[in-house]
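Everything on this sheet refers to the single structure shown next.
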Amino acid sequence: MTQDIPVLPATRPAAGGFAPGLQAPRWHPARQGRQGDWPVALRPWLLDQGSLTAKLMVFSQGEFRVRVLRQGLARPDVSERRCLGVGPGRWVLVREVILMGKGESWVFARSLLPLSSLKGRLRQLRQLNTRPLGGFLFRQPDLEREPMEISRLKPGQRYVPPSLQRGETLWGRRSVFRLEGRPLLVSEVFLPAFVERVSL
């Protein structure tokens, strides 16, 4: 195990994530989703294949920043293991952040990187601090992105910090990125303050 990366507690209700007994999000291929069920204002954001970070920077008119909730080693859930192609009991680097715009919490983002992928260019992802992950990924000319999956998150699932949910149903997306053939799973959940902004 990598010595300079902390091991995250299995659960931390105050900061997000789902605890035992609570249902993890169910993700479905975007091409199979009923887009009529998606909030109209979010549809272009859910399906966009470009850098979400770059779009948020423009949308916020430059008032954008990253707030890190936690980063360290953890074991992914069954669905995340499937996406990454790792076996049970394997450790991955987990990074959870809030993408902030105009002083508001707009997006909860969770990224997972297998320890076997922390080599070469990806080694620097261990110490991003408040730099956005998208700023790194979309500068890589050989970046590959697999098809998007969409999820509807019910209130109380705790995948997102409860204080950010505001008791509302949330929508998120996730996809696997590959650099040098190494996988990185990124999920992004749009928070109520952002939905309000794009719905104006």
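Numbering starts fresh at 1 for the residues of each chain in the structure tokens, the chains themselves are lettered A, B, ... in the order given, and ligands are numbered from 1 as they appear.
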Q | Backbone DSSP call of strand (DSSP E or B) for range 126-176 of chain A, listed as a list in words | A | Glu144, Arg145, Glu149, Ile150, Ser151, Arg152, Leu153, Leu170, Trp171, Gly172, Arg173, Arg174, Ser175 and Val176 of chain A
Write the selection just made, keeping all heavy atoms, as a compact mmCIF listing (two decimals), in the first residue's frame?
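Produced file again_13.txt, reproduced below:
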# COMPACT_ATOMS: atom_id res chain seq x y z
N GLU A 144 -8.92 9.04 -23.22
CA GLU A 144 -10.07 8.32 -23.75
C GLU A 144 -11.17 8.33 -22.69
O GLU A 144 -10.90 8.25 -21.50
CB GLU A 144 -9.71 6.87 -24.10
CG GLU A 144 -8.64 6.75 -25.16
CD GLU A 144 -8.28 5.30 -25.44
OE1 GLU A 144 -8.86 4.41 -24.80
OE2 GLU A 144 -7.39 5.06 -26.28
N ARG A 145 -12.41 8.44 -23.16
CA ARG A 145 -13.54 8.47 -22.24
C ARG A 145 -14.58 7.45 -22.67
O ARG A 145 -15.00 7.43 -23.83
CB ARG A 145 -14.18 9.86 -22.21
CG ARG A 145 -15.27 10.02 -21.15
CD ARG A 145 -15.79 11.45 -21.10
NE ARG A 145 -16.46 11.71 -19.84
CZ ARG A 145 -16.82 12.93 -19.43
NH1 ARG A 145 -16.57 13.99 -20.17
NH2 ARG A 145 -17.43 13.09 -18.26
N GLU A 149 -22.70 7.20 -17.80
CA GLU A 149 -23.80 6.60 -17.04
C GLU A 149 -24.47 7.70 -16.22
O GLU A 149 -23.81 8.64 -15.79
CB GLU A 149 -23.29 5.49 -16.13
CG GLU A 149 -22.75 4.27 -16.87
CD GLU A 149 -22.33 3.16 -15.92
OE1 GLU A 149 -21.81 3.47 -14.82
OE2 GLU A 149 -22.52 1.99 -16.27
N ILE A 150 -25.77 7.53 -16.02
CA ILE A 150 -26.57 8.53 -15.32
C ILE A 150 -27.23 7.89 -14.09
O ILE A 150 -27.60 6.71 -14.13
CB ILE A 150 -27.66 9.13 -16.24
CG1 ILE A 150 -27.04 9.67 -17.52
CG2 ILE A 150 -28.45 10.21 -15.51
CD1 ILE A 150 -26.13 10.85 -17.34
N SER A 151 -27.39 8.67 -13.04
CA SER A 151 -28.07 8.17 -11.85
C SER A 151 -28.99 9.24 -11.26
O SER A 151 -28.68 10.43 -11.30
CB SER A 151 -27.06 7.75 -10.78
OG SER A 151 -27.72 7.23 -9.63
N ARG A 152 -30.11 8.77 -10.77
CA ARG A 152 -31.02 9.62 -10.00
C ARG A 152 -30.85 9.24 -8.53
O ARG A 152 -31.11 8.11 -8.13
CB ARG A 152 -32.47 9.38 -10.45
CG ARG A 152 -33.48 10.22 -9.70
CD ARG A 152 -34.89 9.91 -10.20
NE ARG A 152 -35.89 10.73 -9.56
CZ ARG A 152 -37.20 10.66 -9.79
NH1 ARG A 152 -37.66 9.77 -10.68
NH2 ARG A 152 -38.04 11.45 -9.16
N LEU A 153 -30.41 10.18 -7.72
CA LEU A 153 -30.10 9.93 -6.32
C LEU A 153 -31.25 10.43 -5.45
O LEU A 153 -31.58 11.61 -5.45
CB LEU A 153 -28.80 10.62 -5.91
CG LEU A 153 -27.50 10.03 -6.45
CD1 LEU A 153 -27.27 10.44 -7.90
CD2 LEU A 153 -26.32 10.47 -5.60
N LEU A 170 -31.37 14.28 -6.53
CA LEU A 170 -30.25 14.82 -7.29
C LEU A 170 -29.97 13.94 -8.51
O LEU A 170 -30.32 12.77 -8.54
CB LEU A 170 -29.00 14.89 -6.41
CG LEU A 170 -29.11 15.66 -5.10
CD1 LEU A 170 -27.81 15.59 -4.33
CD2 LEU A 170 -29.51 17.11 -5.35
N TRP A 171 -29.31 14.53 -9.49
CA TRP A 171 -28.93 13.80 -10.70
C TRP A 171 -27.42 13.88 -10.87
O TRP A 171 -26.79 14.91 -10.62
CB TRP A 171 -29.61 14.41 -11.93
CG TRP A 171 -31.09 14.14 -11.95
CD1 TRP A 171 -32.07 14.86 -11.33
CD2 TRP A 171 -31.76 13.05 -12.59
NE1 TRP A 171 -33.30 14.30 -11.55
CE2 TRP A 171 -33.14 13.19 -12.33
CE3 TRP A 171 -31.33 11.98 -13.38
CZ2 TRP A 171 -34.09 12.30 -12.81
CZ3 TRP A 171 -32.25 11.09 -13.88
CH2 TRP A 171 -33.62 11.24 -13.58
N GLY A 172 -26.86 12.74 -11.27
CA GLY A 172 -25.42 12.69 -11.47
C GLY A 172 -25.04 11.90 -12.70
O GLY A 172 -25.87 11.23 -13.33
N ARG A 173 -23.78 11.97 -13.03
CA ARG A 173 -23.24 11.22 -14.16
C ARG A 173 -21.88 10.67 -13.77
O ARG A 173 -21.23 11.19 -12.85
CB ARG A 173 -23.10 12.13 -15.38
CG ARG A 173 -22.10 13.26 -15.17
CD ARG A 173 -22.02 14.18 -16.36
NE ARG A 173 -20.75 14.93 -16.34
CZ ARG A 173 -20.26 15.58 -17.39
NH1 ARG A 173 -20.94 15.60 -18.53
NH2 ARG A 173 -19.11 16.21 -17.31
N ARG A 174 -21.45 9.63 -14.46
CA ARG A 174 -20.10 9.13 -14.23
C ARG A 174 -19.58 8.48 -15.51
O ARG A 174 -20.36 8.06 -16.38
CB ARG A 174 -20.05 8.13 -13.07
CG ARG A 174 -20.59 6.74 -13.39
CD ARG A 174 -20.38 5.78 -12.22
NE ARG A 174 -20.84 4.44 -12.55
CZ ARG A 174 -20.82 3.42 -11.71
NH1 ARG A 174 -20.37 3.58 -10.48
NH2 ARG A 174 -21.25 2.23 -12.09
N SER A 175 -18.28 8.41 -15.61
CA SER A 175 -17.66 7.73 -16.74
C SER A 175 -16.24 7.35 -16.37
O SER A 175 -15.64 7.90 -15.44
CB SER A 175 -17.68 8.61 -18.00
OG SER A 175 -17.01 9.82 -17.78
N VAL A 176 -15.72 6.39 -17.10
CA VAL A 176 -14.34 5.94 -16.92
C VAL A 176 -13.47 6.66 -17.95
O VAL A 176 -13.77 6.66 -19.15
CB VAL A 176 -14.22 4.42 -17.11
CG1 VAL A 176 -12.75 3.98 -17.08
CG2 VAL A 176 -15.00 3.69 -16.02
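If only C-alpha atoms are the atoms counted, then among A:Phe194, A:Phe59, A:Phe108, A:Phe138 the closest residue to Arg158 in chain A is A:Phe108.
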Kindly provide the residues of range 10-98 of chain A that approach range 123-136 of chain A to within 9 Å, each paired with its closest atom pair and their distance in Å to one decimal, based on only C-alpha atoms, listed by chain and increasing number, as a Markdown table.
| residue | atom | partner | partner_atom | distance |
| --- | --- | --- | --- | --- |
| A:Ser51 | CA | A:Gly134 | CA | 6.0 |
| A:Leu52 | CA | A:Gly134 | CA | 7.1 |
| A:Thr53 | CA | A:Gly134 | CA | 5.6 |
| A:Ala54 | CA | A:Gly135 | CA | 7.6 |
| A:Arg65 | CA | A:Thr130 | CA | 7.6 |
| A:Val66 | CA | A:Thr130 | CA | 5.3 |
| A:Arg67 | CA | A:Thr130 | CA | 6.3 |
| A:Val68 | CA | A:Thr130 | CA | 6.4 |
| A:Gln71 | CA | A:Arg126 | CA | 8.6 |
| A:Gly72 | CA | A:Arg126 | CA | 8.6 |
| A:Leu93 | CA | A:Arg126 | CA | 7.8 |
| A:Val97 | CA | A:Thr130 | CA | 8.7 |
Q.
Need to verify the contact set: Cys83 in chain A, 8 Å, only C-alpha atoms, exclusion of same-chain residues closer than 3 positions in sequence. Can you return it as a list in words?
A. Ser79, Glu80, Val176 and Leu185 of chain A
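The smallest atom-to-atom distance between Lys119 in chain A and any of A:Glu63, A:Gly89, A:Leu179, A:Pro39, using only C-alpha atoms, is found for A:Leu179.
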